[in-house]
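**Q** My file is target.csv. It has CSV, C-alpha atoms:
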```
chain,number,residue,atom,x,y,z
R,82,HIS,CA,0.0,0.0,0.0
R,83,PHE,CA,2.9,2.4,0.9
R,84,HIS,CA,4.5,1.9,-2.5
R,85,HIS,CA,1.2,2.6,-4.3
R,86,CYS,CA,0.9,5.7,-2.1
R,87,LEU,CA,4.4,6.8,-3.1
R,88,ALA,CA,3.7,6.4,-6.8
R,89,ASP,CA,0.5,8.5,-6.4
R,90,HIS,CA,2.4,11.2,-4.7
R,91,PHE,CA,5.0,11.5,-7.4
R,92,ALA,CA,2.3,11.4,-10.1
R,93,SER,CA,0.2,14.1,-8.5
R,94,SER,CA,3.3,16.1,-7.2
R,95,SER,CA,1.5,16.9,-4.0
R,96,VAL,CA,4.3,15.5,-2.0
R,97,VAL,CA,4.3,18.2,0.6
R,98,PHE,CA,0.7,17.8,1.5
R,99,SER,CA,1.2,14.2,2.2
R,100,LEU,CA,3.8,14.8,4.8
R,101,THR,CA,1.3,14.9,7.6
R,102,VAL,CA,0.4,11.2,7.1
R,103,MET,CA,3.9,9.9,6.6
R,104,SER,CA,6.4,8.7,9.1
R,105,GLY,CA,9.9,10.2,9.3
R,106,LYS,CA,11.3,7.1,7.7
R,107,ALA,CA,8.9,7.3,4.7
R,108,LEU,CA,9.8,10.9,4.3
R,109,ARG,CA,13.5,10.1,4.2
R,110,ASP,CA,12.9,7.4,1.6
R,111,LEU,CA,10.9,9.9,-0.4
R,112,ASN,CA,13.7,12.4,-0.2
R,113,THR,CA,16.2,9.8,-1.5
R,114,LEU,CA,13.9,8.9,-4.4
R,115,GLU,CA,13.2,12.5,-5.2
R,116,GLY,CA,16.9,13.4,-5.0
R,117,SER,CA,17.9,10.7,-7.4
R,118,GLU,CA,15.1,11.5,-9.8
R,119,ARG,CA,16.1,15.2,-9.8
R,120,LYS,CA,19.8,14.3,-10.4
R,121,ASN,CA,18.8,12.2,-13.5
R,122,GLU,CA,16.7,15.1,-14.6
R,123,SER,CA,19.5,17.6,-14.3
R,124,SER,CA,22.1,15.4,-16.0
R,125,SER,CA,19.9,15.1,-19.1
R,126,LYS,CA,19.5,18.8,-19.6
R,127,GLY,CA,21.9,20.9,-21.7
R,128,SER,CA,25.0,22.3,-20.2
R,129,PHE,CA,23.9,25.9,-20.5
R,130,THR,CA,21.1,25.3,-18.0
R,131,LYS,CA,23.3,23.5,-15.5
R,132,PRO,CA,24.2,26.2,-13.0
R,133,HIS,CA,20.5,27.1,-12.7
R,134,VAL,CA,19.5,23.4,-12.2
R,135,GLU,CA,22.2,22.9,-9.6
R,136,HIS,CA,20.9,25.9,-7.7
R,137,THR,CA,17.4,24.5,-7.7
R,138,ASN,CA,18.6,21.1,-6.6
R,139,GLU,CA,20.5,22.5,-3.7
R,140,ASN,CA,17.5,24.4,-2.5
R,141,VAL,CA,15.3,21.3,-2.8
R,142,GLU,CA,17.9,19.2,-1.1
R,143,GLY,CA,18.3,21.7,1.7
R,144,ARG,CA,14.5,22.1,2.2
R,145,ASN,CA,13.9,18.3,2.3
R,146,GLN,CA,16.6,17.9,4.9
R,147,GLN,CA,15.0,20.7,6.9
R,148,ILE,CA,11.6,19.1,6.6
R,149,THR,CA,13.0,15.8,7.8
R,150,ALA,CA,14.9,17.6,10.6
R,151,SER,CA,11.8,19.4,11.7
R,152,LEU,CA,9.7,16.2,11.8
R,153,VAL,CA,12.3,14.2,13.5
R,154,GLU,CA,13.4,16.8,16.0
R,155,THR,CA,10.0,18.4,16.9
R,156,PRO,CA,7.8,16.4,19.2
R,157,ILE,CA,4.7,15.8,17.2
R,158,ASN,CA,1.4,16.5,19.0
R,159,GLY,CA,-1.2,16.4,16.3
R,160,ASP,CA,-1.1,17.8,12.8
R,161,LYS,CA,-0.3,21.4,13.6
R,162,ASN,CA,3.4,20.8,14.5
R,163,VAL,CA,3.9,18.7,11.4
R,164,ASN,CA,2.6,21.5,9.2
R,165,ASP,CA,4.8,24.0,11.0
R,166,GLY,CA,7.7,21.8,10.3
R,167,VAL,CA,6.9,21.7,6.6
R,168,GLU,CA,6.5,25.4,6.5
R,169,VAL,CA,9.9,26.0,8.2
R,170,GLY,CA,11.6,23.7,5.8
R,171,ASN,CA,9.9,25.1,2.8
R,172,SER,CA,9.8,28.8,3.2
R,173,GLU,CA,12.0,30.0,6.0
R,174,VAL,CA,15.3,28.2,5.4
R,175,GLU,CA,16.6,28.5,1.9
R,176,TYR,CA,20.2,28.2,0.6
R,177,ILE,CA,20.6,31.2,-1.6
R,178,GLU,CA,23.6,31.4,-3.9
R,179,SER,CA,25.6,34.7,-3.5
R,180,GLU,CA,24.6,36.0,-6.9
R,181,ASN,CA,20.9,35.7,-6.1
R,182,LEU,CA,21.1,37.7,-2.8
R,183,ASN,CA,19.3,41.0,-2.7
R,184,ASP,CA,20.4,44.1,-0.8
R,185,VAL,CA,19.1,44.6,2.8
R,186,GLU,CA,16.1,47.0,3.0
R,187,ASP,CA,17.6,49.1,5.8
R,188,VAL,CA,21.3,49.1,6.3
R,189,ASP,CA,21.4,50.9,9.7
R,190,MET,CA,18.7,48.7,11.2
R,191,SER,CA,20.3,45.5,9.8
R,192,LEU,CA,23.6,46.5,11.4
R,193,LYS,CA,21.9,47.3,14.8
R,194,THR,CA,20.1,43.9,15.0
R,195,LEU,CA,22.9,41.8,13.5
R,196,LEU,CA,24.8,40.6,16.5
R,197,VAL,CA,21.7,40.0,18.6
R,198,GLY,CA,20.1,38.1,15.8
R,199,LEU,CA,23.2,35.9,15.3
R,200,GLU,CA,23.2,35.0,19.0
R,201,SER,CA,19.4,34.1,19.0
R,202,LYS,CA,18.2,30.7,20.2
R,203,ASP,CA,15.8,30.6,17.2
R,204,TRP,CA,17.8,28.8,14.6
R,205,VAL,CA,15.6,30.1,11.7
R,206,LEU,CA,16.3,33.7,12.8
R,207,VAL,CA,20.1,32.8,13.0
R,208,CYS,CA,19.9,31.6,9.3
R,209,GLU,CA,18.2,34.8,8.3
R,210,GLU,CA,20.8,37.0,10.1
R,211,LEU,CA,23.6,34.9,8.5
R,212,ASN,CA,22.1,35.7,5.1
R,213,ASN,CA,22.0,39.4,6.2
R,214,VAL,CA,25.7,39.2,7.0
R,215,ARG,CA,26.2,37.9,3.4
R,216,ARG,CA,24.1,40.8,2.0
R,217,LEU,CA,26.0,43.4,4.0
R,218,SER,CA,29.3,42.0,2.9
R,219,ILE,CA,28.3,42.1,-0.8
R,220,PHE,CA,26.5,45.5,-0.8
R,221,HIS,CA,27.8,47.4,2.2
R,222,LYS,CA,31.2,45.9,3.2
R,223,GLU,CA,32.6,49.2,4.5
R,224,ALA,CA,29.6,49.5,6.9
R,225,MET,CA,30.3,46.2,8.6
R,226,LEU,CA,34.1,46.4,8.7
R,227,GLU,CA,34.4,47.7,12.2
R,228,MET,CA,32.3,44.9,13.7
R,229,LEU,CA,33.8,42.2,11.5
R,230,GLY,CA,35.7,40.5,14.3
R,231,ASN,CA,32.5,40.1,16.4
R,232,VAL,CA,30.6,38.9,13.3
R,233,ILE,CA,33.2,36.3,12.5
R,234,SER,CA,33.1,35.0,16.1
R,235,LEU,CA,29.4,34.4,15.7
R,236,ILE,CA,29.8,32.8,12.3
R,237,VAL,CA,32.2,30.4,14.0
R,238,LYS,CA,29.6,29.7,16.7
R,239,SER,CA,27.0,28.9,13.9
R,240,LEU,CA,29.6,26.6,12.2
R,241,LYS,CA,29.6,24.5,15.4
R,242,ASN,CA,25.8,24.3,15.4
R,243,PRO,CA,24.6,20.7,15.2
R,244,ARG,CA,21.7,21.8,12.9
R,245,SER,CA,22.9,21.3,9.3
R,246,ALA,CA,20.8,24.3,8.0
R,247,VAL,CA,22.6,26.7,10.4
R,248,CYS,CA,26.0,25.1,9.7
R,249,LYS,CA,25.6,25.2,5.9
R,250,THR,CA,24.4,28.8,5.9
R,251,ALA,CA,27.4,29.8,8.1
R,252,ILE,CA,29.7,28.1,5.6
R,253,MET,CA,28.2,30.0,2.7
R,254,THR,CA,28.5,33.2,4.8
R,255,SER,CA,32.3,32.4,5.3
R,256,ALA,CA,32.8,32.2,1.6
R,257,ASP,CA,31.2,35.6,1.0
R,258,ILE,CA,33.2,37.1,3.9
R,259,PHE,CA,36.5,35.9,2.3
R,260,SER,CA,35.6,37.4,-1.1
R,261,ALA,CA,34.5,40.7,0.4
R,262,TYR,CA,37.1,41.3,3.0
R,263,SER,CA,40.1,39.2,1.8
R,264,ASP,CA,43.1,40.1,4.0
R,265,ASN,CA,41.1,42.1,6.5
R,266,ILE,CA,39.9,38.9,8.1
R,267,ILE,CA,43.4,37.5,8.8
R,268,ASP,CA,43.3,38.3,12.6
R,269,SER,CA,40.1,36.4,13.0
R,270,LEU,CA,41.0,33.6,10.6
R,271,ASP,CA,42.2,30.9,12.9
R,272,PRO,CA,38.9,29.7,14.5
R,273,LEU,CA,37.2,30.0,11.1
R,274,LEU,CA,39.8,28.0,9.4
R,275,VAL,CA,39.7,25.2,12.0
R,276,GLN,CA,35.9,24.8,11.5
R,277,LEU,CA,36.0,24.9,7.7
R,278,LEU,CA,38.7,22.2,7.7
R,279,LEU,CA,36.6,20.1,10.0
R,280,LYS,CA,33.4,20.6,8.1
R,281,SER,CA,35.1,19.8,4.8
R,282,SER,CA,36.4,16.6,6.3
R,283,GLN,CA,33.0,15.3,7.6
R,284,ASP,CA,30.5,12.8,6.1
R,285,LYS,CA,27.5,15.0,5.4
R,286,ARG,CA,28.1,15.6,1.7
R,287,PHE,CA,26.1,18.8,1.3
R,288,VAL,CA,27.9,20.4,4.2
R,289,CYS,CA,31.3,19.0,3.1
R,290,GLU,CA,30.9,20.3,-0.5
R,291,ALA,CA,29.9,23.8,0.8
R,292,ALA,CA,33.0,23.9,3.1
R,293,GLU,CA,35.3,23.0,0.2
R,294,ARG,CA,33.9,25.8,-1.8
R,295,ALA,CA,34.5,28.2,1.2
R,296,LEU,CA,38.1,27.0,1.4
R,297,ILE,CA,38.5,27.6,-2.3
R,298,ALA,CA,37.2,31.2,-1.7
R,299,MET,CA,39.7,31.6,1.1
R,300,THR,CA,42.7,30.5,-1.1
R,301,THR,CA,41.4,32.8,-3.9
R,302,TRP,CA,41.0,35.9,-1.8
R,303,VAL,CA,43.4,35.8,1.1
R,304,SER,CA,47.0,36.7,0.2
R,305,PRO,CA,49.3,33.6,0.2
R,306,THR,CA,52.0,35.4,2.3
R,307,LEU,CA,49.4,35.7,5.1
R,308,LEU,CA,47.6,32.5,4.5
R,309,LEU,CA,50.4,29.9,4.2
R,310,PRO,CA,51.8,30.4,7.7
R,311,LYS,CA,48.2,29.9,9.0
R,312,LEU,CA,47.8,26.7,7.0
R,313,GLN,CA,51.2,25.1,7.9
R,314,PRO,CA,50.3,23.8,11.4
R,315,TYR,CA,47.3,21.8,9.9
R,316,LEU,CA,49.7,20.0,7.6
R,317,LYS,CA,50.8,18.1,10.7
R,318,SER,CA,47.4,17.5,12.1
R,319,ARG,CA,46.8,14.1,13.6
R,320,ASN,CA,43.5,13.9,11.6
R,321,PRO,CA,44.5,12.6,8.1
R,322,ARG,CA,41.4,14.2,6.5
R,323,ILE,CA,42.3,17.6,7.9
R,324,ARG,CA,45.9,17.2,6.7
R,325,ALA,CA,44.5,16.4,3.3
R,326,LYS,CA,42.2,19.5,3.1
R,327,ALA,CA,45.0,21.7,4.4
R,328,SER,CA,47.4,20.3,1.8
R,329,MET,CA,45.0,21.1,-1.0
R,330,CYS,CA,44.6,24.7,0.3
R,331,PHE,CA,48.4,25.0,0.7
R,332,CYS,CA,49.0,23.7,-2.8
R,333,ARG,CA,46.3,26.1,-4.3
R,334,SER,CA,47.8,29.1,-2.5
R,335,VAL,CA,51.5,28.7,-3.3
R,336,PRO,CA,51.3,29.5,-7.1
R,337,ARG,CA,49.5,32.8,-6.2
R,338,LEU,CA,52.9,33.9,-4.7
R,339,GLY,CA,54.3,34.1,-8.3
R,340,VAL,CA,57.9,33.3,-9.1
R,341,GLU,CA,59.5,36.1,-7.1
R,342,GLY,CA,57.1,35.4,-4.2
R,343,ILE,CA,58.0,31.7,-4.1
R,344,LYS,CA,61.7,32.6,-4.1
R,345,ALA,CA,61.2,35.1,-1.3
R,346,TYR,CA,59.1,32.6,0.8
R,347,GLY,CA,61.9,30.0,0.3
R,348,ILE,CA,61.8,27.2,-2.3
R,349,ASP,CA,63.8,25.1,0.2
R,350,LYS,CA,61.1,25.6,2.9
R,351,LEU,CA,58.3,24.8,0.4
R,352,ILE,CA,60.1,21.7,-1.0
R,353,GLN,CA,60.5,20.3,2.5
R,354,ILE,CA,56.8,20.8,3.2
R,355,ALA,CA,55.7,19.2,-0.1
R,356,ALA,CA,58.1,16.3,0.4
R,357,SER,CA,56.6,15.5,3.8
R,358,GLN,CA,53.1,15.4,2.3
R,359,LEU,CA,54.2,13.1,-0.5
R,360,SER,CA,54.2,10.0,1.8
R,361,ASP,CA,50.9,11.0,3.5
R,362,GLN,CA,48.1,8.5,4.2
R,363,LEU,CA,45.4,10.0,2.0
R,364,PRO,CA,45.7,10.3,-1.8
R,365,GLU,CA,44.4,14.0,-1.8
R,366,SER,CA,47.5,15.0,0.3
R,367,ARG,CA,49.9,13.1,-2.0
R,368,GLU,CA,48.2,14.6,-5.1
R,369,ALA,CA,48.5,18.1,-3.7
R,370,ALA,CA,52.1,17.5,-2.9
R,371,ARG,CA,52.8,16.3,-6.4
R,372,SER,CA,51.3,19.3,-8.1
R,373,LEU,CA,53.1,21.6,-5.6
R,374,LEU,CA,56.5,19.9,-6.4
R,375,LEU,CA,56.0,20.4,-10.1
R,376,GLU,CA,55.2,24.0,-9.5
R,377,LEU,CA,58.4,24.4,-7.4
R,378,GLN,CA,60.5,22.6,-10.0
R,379,ASN,CA,59.1,24.9,-12.7
R,380,VAL,CA,60.0,28.0,-10.7
R,381,TYR,CA,63.4,26.7,-9.7
R,382,GLU,CA,64.4,25.9,-13.2
R,383,LYS,CA,63.0,29.2,-14.6
R,384,SER,CA,65.1,31.2,-12.1
R,385,HIS,CA,68.2,29.2,-12.8
R,386,VAL,CA,68.0,29.3,-16.6
R,387,LEU,CA,68.7,33.0,-16.3
R,388,VAL,CA,72.2,32.5,-14.8
R,389,PRO,CA,74.7,32.1,-17.7
R,390,THR,CA,77.1,29.2,-17.0
R,391,THR,CA,80.2,28.3,-18.9
R,392,VAL,CA,81.4,25.3,-16.9
R,393,SER,CA,79.3,22.2,-17.0
R,394,GLU,CA,80.0,21.5,-13.3
R,395,ASP,CA,78.3,24.7,-12.3
R,396,THR,CA,75.2,23.6,-14.3
R,397,GLU,CA,75.3,20.3,-12.4
R,398,MET,CA,75.5,22.1,-9.1
R,399,ASP,CA,72.5,24.3,-10.1
R,400,SER,CA,70.4,21.4,-11.2
R,401,TRP,CA,67.0,20.6,-9.7
R,402,GLU,CA,68.4,17.1,-8.8
R,403,HIS,CA,71.3,18.6,-6.9
R,404,PHE,CA,69.0,21.1,-5.1
R,405,CYS,CA,66.7,18.3,-3.9
R,406,HIS,CA,69.6,16.3,-2.6
R,407,SER,CA,71.0,19.3,-0.8
R,408,LYS,CA,67.7,20.1,0.9
R,409,LEU,CA,66.2,16.7,1.7
R,410,SER,CA,67.1,13.4,3.2
R,411,PRO,CA,68.2,10.8,0.5
R,412,LEU,CA,64.9,9.0,0.6
R,413,SER,CA,62.8,12.1,0.4
R,414,ALA,CA,65.0,13.5,-2.5
R,415,GLN,CA,64.5,10.2,-4.4
R,416,ALA,CA,60.7,10.4,-3.9
R,417,VAL,CA,60.6,14.0,-5.0
R,418,LEU,CA,62.8,13.4,-8.1
R,419,ARG,CA,60.6,10.4,-9.1
R,420,VAL,CA,57.5,12.5,-9.0
R,421,THR,CA,59.0,15.5,-10.8
R,422,ASN,CA,60.7,13.4,-13.5
R,423,ILE,CA,57.4,11.4,-14.2
R,424,GLY,CA,55.5,14.7,-14.1
R,425,ARG,CA,57.9,16.2,-16.7
R,426,GLU,CA,57.7,13.2,-19.0
R,427,GLY,CA,53.9,13.3,-18.7
R,428,LEU,CA,53.9,16.9,-19.7
R,429,VAL,CA,56.1,16.2,-22.7
R,430,LEU,CA,54.0,13.3,-23.8
R,431,GLY,CA,50.8,15.3,-23.2
R,432,SER,CA,52.0,18.1,-25.4
```
Please express what this file holds, its structure, as structure tokens.
**A**
Amino acid sequence: HFHHCLADHFASSSVVFSLTVMSGKALRDLNTLEGSERKNESSSKGSFTKPHVEHTNENVEGRNQQITASLVETPINGDKNVNDGVEVGNSEVEYIESENLNDVEDVDMSLKTLLVGLESKDWVLVCEELNNVRRLSIFHKEAMLEMLGNVISLIVKSLKNPRSAVCKTAIMTSADIFSAYSDNIIDSLDPLLVQLLLKSSQDKRFVCEAAERALIAMTTWVSPTLLLPKLQPYLKSRNPRIRAKASMCFCRSVPRLGVEGIKAYGIDKLIQIAASQLSDQLPESREAARSLLLELQNVYEKSHVLVPTTVSEDTEMDSWEHFCHSKLSPLSAQAVLRVTNIGREGLVLGS
């Protein structure tokens, strides 16, 4: 009977109205079915519609999760609460992409109520205020600058919130903060960075993917000279997933230094960091280390081509191979040379 029911719901597309008579488990099953059906639908559409389709999916996914959360977490006394749960999931919590956010109606009022709203016990209100932080950072970033430290502390608090809706909205807020304020956030970065690394390493995929996007925003907008020292301690984290995410950020950030910046930061320092990641437990760390080493080799060789040499021994002394052996243990140097030689042959073959 339940399966017939389910088929009828899909046919009539009145899924939401049937929630009151379905158990939490049935709803979860429905979400799974609906999610997979929508994925198939989006993959069959043309590529030019894809960003829009993805945006819709994310909202649907988020709403469904919220409906489930409301039904499971709210004690159900009669139909009224169930309907409230549906309404909360459907209309009040929505994951809005940055480009679809509108300006706040009243800047001064928004700024006045912001910190109180972010500390509210009402999680739906917290999500609304987080979206207001995003709006202010996009449309009025100067206005929020002097309270930025306090705002970031409260974003961190929301990142720790066990409710996925609050957590994901806070992650999206972090990404907008990075793009709006770039280096201005450096003094408040540490607690934010820890949480984003943790969230990008966890099992809830929709939270994890949002956190990865926020980390990409961080490496895009925060200067590498300021960011790399902040990332370095996490390359030695005891948690292999955090090491891997930190490696990926580190590897993305280094090329932004440019040739001169890399030389100033110290190729020897960077090669030692990359070499230590090369033997890491997780493939993401090793992959990040490989691409970083190829980047360093490229910079090293570019900067040594410029030196005119007449004696072949000098050239030998200046070679990448000699440099690796002079800076690393014999085993590490061998591993690095293996990666960079294969990498180079791959590039030659690829071209």
**Q** So how many Å separate CA of Leu359 (chain R) and CA of Leu309 (chain R), to one decimal?
**A** 17.9 Å
**Q** What's the separation between CA of Trp302 (chain R) and CA of Ser263 (chain R), in Å to one decimal place?
**A** 5.0 Å
**Q** Quick one: residues within 8 Å of Cys248 (chain R), all atoms listed in the file, excluding same-chain residues fewer than 6 positions away - as a PDB file with C-alpha atoms, in the coordinates of the input?
**A**
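For reference, around-v6.pdb as written:
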```pdb
ATOM      1  CA  SER R 239      27.000  28.900  13.900  1.00  0.00           C
ATOM      2  CA  LEU R 240      29.600  26.600  12.200  1.00  0.00           C
ATOM      3  CA  LYS R 241      29.600  24.500  15.400  1.00  0.00           C
ATOM      4  CA  ASN R 242      25.800  24.300  15.400  1.00  0.00           C
ATOM      5  CA  VAL R 288      27.900  20.400   4.200  1.00  0.00           C
TER       6      VAL R 288
END
```
**Q** If you measure from CA of Leu296 (chain R) to CA of Gly198 (chain R), what distance in Å do you get, rounded to one decimal?
**A** 25.6 Å
**Q** Neighbouring residues of Arg319 (chain R) were defined as those with any atom within 12 Å, considering all atoms listed in the file; residues of the same chain fewer than 6 positions away were excluded. Please report them as number ranges by chain.
**A** R: 325, 361-362
**Q** May I have the residues at most 12 Å from (29.5, 51.0, 13.8) in the file's coordinates, counting all atoms listed in the file, as an mmCIF file with C-alpha atoms, in the coordinates of the input?
**A**
```cif
data_model
loop_
_atom_site.group_PDB
_atom_site.id
_atom_site.type_symbol
_atom_site.label_atom_id
_atom_site.label_comp_id
_atom_site.auth_asym_id
_atom_site.auth_seq_id
_atom_site.Cartn_x
_atom_site.Cartn_y
_atom_site.Cartn_z
ATOM 1 C CA VAL R 188 21.300 49.100 6.300
ATOM 2 C CA ASP R 189 21.400 50.900 9.700
ATOM 3 C CA MET R 190 18.700 48.700 11.200
ATOM 4 C CA SER R 191 20.300 45.500 9.800
ATOM 5 C CA LEU R 192 23.600 46.500 11.400
ATOM 6 C CA LYS R 193 21.900 47.300 14.800
ATOM 7 C CA THR R 194 20.100 43.900 15.000
ATOM 8 C CA LEU R 195 22.900 41.800 13.500
ATOM 9 C CA LEU R 196 24.800 40.600 16.500
ATOM 10 C CA LYS R 222 31.200 45.900 3.200
ATOM 11 C CA GLU R 223 32.600 49.200 4.500
ATOM 12 C CA ALA R 224 29.600 49.500 6.900
ATOM 13 C CA MET R 225 30.300 46.200 8.600
ATOM 14 C CA LEU R 226 34.100 46.400 8.700
ATOM 15 C CA GLU R 227 34.400 47.700 12.200
ATOM 16 C CA MET R 228 32.300 44.900 13.700
ATOM 17 C CA LEU R 229 33.800 42.200 11.500
ATOM 18 C CA ASN R 231 32.500 40.100 16.400
#
```
**Q** Pull the neighbourhood of (52.3, 19.4, -2.3) for me: all residues within 10 Å in file coordinates, counting only C-alpha atoms, as a PDB file with C-alpha atoms, keeping the file's coordinate frame.
**A**
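Contents of out.pdb, as written:
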```pdb
ATOM      1  CA  SER R 328      47.400  20.300   1.800  1.00  0.00           C
ATOM      2  CA  MET R 329      45.000  21.100  -1.000  1.00  0.00           C
ATOM      3  CA  CYS R 330      44.600  24.700   0.300  1.00  0.00           C
ATOM      4  CA  PHE R 331      48.400  25.000   0.700  1.00  0.00           C
ATOM      5  CA  CYS R 332      49.000  23.700  -2.800  1.00  0.00           C
ATOM      6  CA  ARG R 333      46.300  26.100  -4.300  1.00  0.00           C
ATOM      7  CA  VAL R 335      51.500  28.700  -3.300  1.00  0.00           C
ATOM      8  CA  LEU R 351      58.300  24.800   0.400  1.00  0.00           C
ATOM      9  CA  ILE R 352      60.100  21.700  -1.000  1.00  0.00           C
ATOM     10  CA  GLN R 353      60.500  20.300   2.500  1.00  0.00           C
ATOM     11  CA  ILE R 354      56.800  20.800   3.200  1.00  0.00           C
ATOM     12  CA  ALA R 355      55.700  19.200  -0.100  1.00  0.00           C
ATOM     13  CA  ALA R 356      58.100  16.300   0.400  1.00  0.00           C
ATOM     14  CA  SER R 357      56.600  15.500   3.800  1.00  0.00           C
ATOM     15  CA  GLN R 358      53.100  15.400   2.300  1.00  0.00           C
ATOM     16  CA  LEU R 359      54.200  13.100  -0.500  1.00  0.00           C
ATOM     17  CA  GLU R 365      44.400  14.000  -1.800  1.00  0.00           C
ATOM     18  CA  SER R 366      47.500  15.000   0.300  1.00  0.00           C
ATOM     19  CA  ARG R 367      49.900  13.100  -2.000  1.00  0.00           C
ATOM     20  CA  GLU R 368      48.200  14.600  -5.100  1.00  0.00           C
ATOM     21  CA  ALA R 369      48.500  18.100  -3.700  1.00  0.00           C
ATOM     22  CA  ALA R 370      52.100  17.500  -2.900  1.00  0.00           C
ATOM     23  CA  ARG R 371      52.800  16.300  -6.400  1.00  0.00           C
ATOM     24  CA  SER R 372      51.300  19.300  -8.100  1.00  0.00           C
ATOM     25  CA  LEU R 373      53.100  21.600  -5.600  1.00  0.00           C
ATOM     26  CA  LEU R 374      56.500  19.900  -6.400  1.00  0.00           C
ATOM     27  CA  LEU R 375      56.000  20.400 -10.100  1.00  0.00           C
ATOM     28  CA  GLU R 376      55.200  24.000  -9.500  1.00  0.00           C
ATOM     29  CA  LEU R 377      58.400  24.400  -7.400  1.00  0.00           C
TER      30      LEU R 377
END
```
**Q** From the options R:Ile258, R:Leu307, R:Val420, R:Cys208, which residue's atoms come nearest to His221 (chain R), counting only C-alpha atoms?
**A** R:Ile258
